[in-house]
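Notes follow the structure.
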Amino acid sequence: MGGWWISDLMNSPDINGQVWVVSWIAWVIVSICLHELAHGWTAIKLGDQTPRLAGHMTWNPLVHMGKWSFAMLAVLGIAWGAMPVDSTRLRGKYAETLVLAAGPAMNLLLAILSLALLVLWRALAGGQIMPSVVINDPLAENFAVFFALGARLNIVLMLFNLLPVMPLDGGRILADRWVWYRELMYSENGQWFSLIAFIFIFLTMGEKLFYVAELAVYKSAEFSWIHLFPNLAPWNWGYHSL
């Protein structure tokens, strides 16, 4: 039986638990806030001022996540956010779809940025960018873990939010684009189906999504390393696997 997630990480013999806990909490908060702000920025751009009028265009994570989300982050390591949008005020045929897609797109952008920083940091720490500058462990390893975890988490958030199940962004995009799906999902039976499907996916897909994300981060880092630094030794994490 698993214990408190922070305690499990801190006591793990395979990783630097303190770095993992700090990195995880920081990335979850930043990623969720930017995900929600991306929804808000896009909605405002397309004519809906609701995010601004509701006071959600702020960097305050409590506004986006709320107390219950923070409590769940402390207890289980998971959290969520929300951005109020009035779809009736949006302009354009694909406006609502664009607003919904903006959140996962932000997670993709954060994943790419984290991955780029990971590769550049490894090169900088190893003296490949400036031979006179070599950064030793634990600082080199800690920042590498931070960037790698940021890339991995945001890939997971992007993939999870694009799953075609309500109330995730992917399910809402399908409901916006296909009338039959919207009618099904908002019917009494459809709402029960959505709830059951969401719980099933949440309980069964987490490990698979993290595996896909880990593989994507590793392969992308390796590919970038080979093409940016072709004359150096092959890519190596230099620390315990994610």
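Letters for chains follow the order of the structure tokens (A, B, ...), residue numbers begin at 1 for each chain, and ligand numbers begin at 1 in the order shown.
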- Task: Pick out each residue of range 3-149 of chain A that DSSP on the backbone tags as helix (DSSP H, G or I); I need them as a PyMOL selection string.
- Result: chain A and resi 5-10+17-45+50-53+61-76+87-89+95-125+139-149
For the residues in the current selection, export C-alpha atoms as a CSV table (one decimal), in the first residue's frame.
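File written: result13.csv
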```
chain,number,residue,atom,x,y,z
A,5,TRP,CA,3.5,10.8,-2.1
A,6,ILE,CA,5.9,13.3,-0.7
A,7,SER,CA,7.1,10.8,1.9
A,8,ASP,CA,7.5,8.1,-0.8
A,9,LEU,CA,9.6,10.4,-2.9
A,10,MET,CA,11.7,11.7,-0.1
A,17,GLY,CA,13.5,13.0,-3.4
A,18,GLN,CA,13.9,16.6,-2.3
A,19,VAL,CA,14.6,17.8,-5.8
A,20,TRP,CA,11.7,15.8,-7.2
A,21,VAL,CA,9.2,17.1,-4.7
A,22,VAL,CA,10.2,20.8,-5.2
A,23,SER,CA,10.4,20.3,-9.0
A,24,TRP,CA,7.0,18.5,-9.2
A,25,ILE,CA,5.1,21.1,-7.1
A,26,ALA,CA,6.7,24.0,-9.0
A,27,TRP,CA,6.0,22.6,-12.4
A,28,VAL,CA,2.4,21.5,-11.5
A,29,ILE,CA,1.5,25.0,-10.4
A,30,VAL,CA,3.2,26.8,-13.2
A,31,SER,CA,1.9,24.5,-15.9
A,32,ILE,CA,-1.7,24.6,-14.7
A,33,CYS,CA,-1.7,28.4,-14.4
A,34,LEU,CA,-0.2,28.9,-17.8
A,35,HIS,CA,-2.6,26.3,-19.3
A,36,GLU,CA,-5.6,28.2,-17.9
A,37,LEU,CA,-4.1,31.6,-18.8
A,38,ALA,CA,-3.7,30.4,-22.4
A,39,HIS,CA,-7.5,29.7,-22.5
A,40,GLY,CA,-8.1,33.2,-21.1
A,41,TRP,CA,-5.7,35.0,-23.5
A,42,THR,CA,-7.3,33.2,-26.5
A,43,ALA,CA,-10.8,33.9,-25.4
A,44,ILE,CA,-10.1,37.6,-24.9
A,45,LYS,CA,-8.4,37.8,-28.3
A,50,THR,CA,-15.2,37.0,-19.2
A,51,PRO,CA,-11.8,35.9,-18.1
A,52,ARG,CA,-10.7,39.5,-17.3
A,53,LEU,CA,-14.1,40.5,-15.8
A,61,PRO,CA,-2.2,30.3,-8.7
A,62,LEU,CA,-5.0,30.4,-6.0
A,63,VAL,CA,-7.3,32.0,-8.5
A,64,HIS,CA,-6.7,29.4,-11.1
A,65,MET,CA,-6.5,26.3,-8.9
A,66,GLY,CA,-8.5,27.1,-5.8
A,67,LYS,CA,-8.0,25.7,-2.3
A,68,TRP,CA,-9.3,22.2,-3.0
A,69,SER,CA,-6.9,21.8,-5.9
A,70,PHE,CA,-4.0,22.9,-3.7
A,71,ALA,CA,-5.1,20.5,-1.0
A,72,MET,CA,-5.1,17.6,-3.5
A,73,LEU,CA,-1.7,18.6,-4.7
A,74,ALA,CA,-0.4,18.4,-1.1
A,75,VAL,CA,-2.1,15.1,-0.4
A,76,LEU,CA,-1.9,13.2,-3.8
A,87,SER,CA,-18.6,30.8,-25.6
A,88,THR,CA,-21.6,32.9,-26.7
A,89,ARG,CA,-19.4,35.9,-26.8
A,95,ALA,CA,-13.4,30.3,-31.8
A,96,GLU,CA,-14.4,27.9,-29.1
A,97,THR,CA,-12.2,25.1,-30.5
A,98,LEU,CA,-9.3,27.5,-30.6
A,99,VAL,CA,-9.9,28.5,-27.0
A,100,LEU,CA,-10.1,24.9,-25.9
A,101,ALA,CA,-7.0,23.9,-27.8
A,102,ALA,CA,-5.0,26.8,-26.4
A,103,GLY,CA,-4.4,25.0,-23.0
A,104,PRO,CA,-2.9,21.8,-24.4
A,105,ALA,CA,-0.9,24.0,-26.9
A,106,MET,CA,0.6,25.9,-24.0
A,107,ASN,CA,1.6,22.6,-22.4
A,108,LEU,CA,3.3,21.5,-25.6
A,109,LEU,CA,5.2,24.9,-25.7
A,110,LEU,CA,6.3,24.4,-22.1
A,111,ALA,CA,7.4,20.8,-22.9
A,112,ILE,CA,9.5,22.0,-25.9
A,113,LEU,CA,11.0,24.9,-23.8
A,114,SER,CA,11.9,22.5,-20.9
A,115,LEU,CA,13.4,20.0,-23.3
A,116,ALA,CA,15.5,22.7,-25.0
A,117,LEU,CA,16.7,24.0,-21.6
A,118,LEU,CA,17.5,20.4,-20.6
A,119,VAL,CA,19.8,19.8,-23.6
A,120,LEU,CA,21.4,23.3,-23.3
A,121,TRP,CA,21.9,22.9,-19.6
A,122,ARG,CA,23.6,19.5,-20.0
A,123,ALA,CA,25.9,21.0,-22.6
A,124,LEU,CA,26.7,24.0,-20.4
A,125,ALA,CA,27.3,21.9,-17.3
A,139,LEU,CA,23.7,21.4,-9.1
A,140,ALA,CA,24.2,20.0,-12.6
A,141,GLU,CA,22.0,17.0,-11.8
A,142,ASN,CA,19.4,18.9,-9.9
A,143,PHE,CA,18.7,21.3,-12.7
A,144,ALA,CA,18.7,18.5,-15.3
A,145,VAL,CA,16.1,16.7,-13.2
A,146,PHE,CA,14.0,19.9,-13.0
A,147,PHE,CA,14.0,20.5,-16.7
A,148,ALA,CA,13.4,16.9,-17.6
A,149,LEU,CA,10.5,16.6,-15.2
```
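Using only C-alpha atoms, the smallest distance between any of A:Ser194, A:Glu188, A:Arg91, A:Leu157 and Arg172 in chain A comes from A:Ser194.
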- Message: Calculated over only C-alpha atoms, which of the candidates A:Gly77, A:Gly126, A:Pro84, A:Gly170 has the smallest distance to Leu153 in chain A?
- Response: A:Gly77
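Shortest atom-to-atom contact with Glu214 in chain A among A:Ile201, A:Phe229, A:Gly92, A:Asn154: A:Asn154, counting only C-alpha atoms.
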- Task: List the neighbours of range 202-212 of chain A out to 7 Å using only C-alpha atoms; skip same-chain residues closer than 4 positions along the sequence, and give me the result as a PyMOL selection string.
- Result: chain A and resi 156+198+216
- Would you mind reading off the distance between CA of Met57 in chain A and CA of Met83 in chain A, one decimal, in Å? 8.9 Å
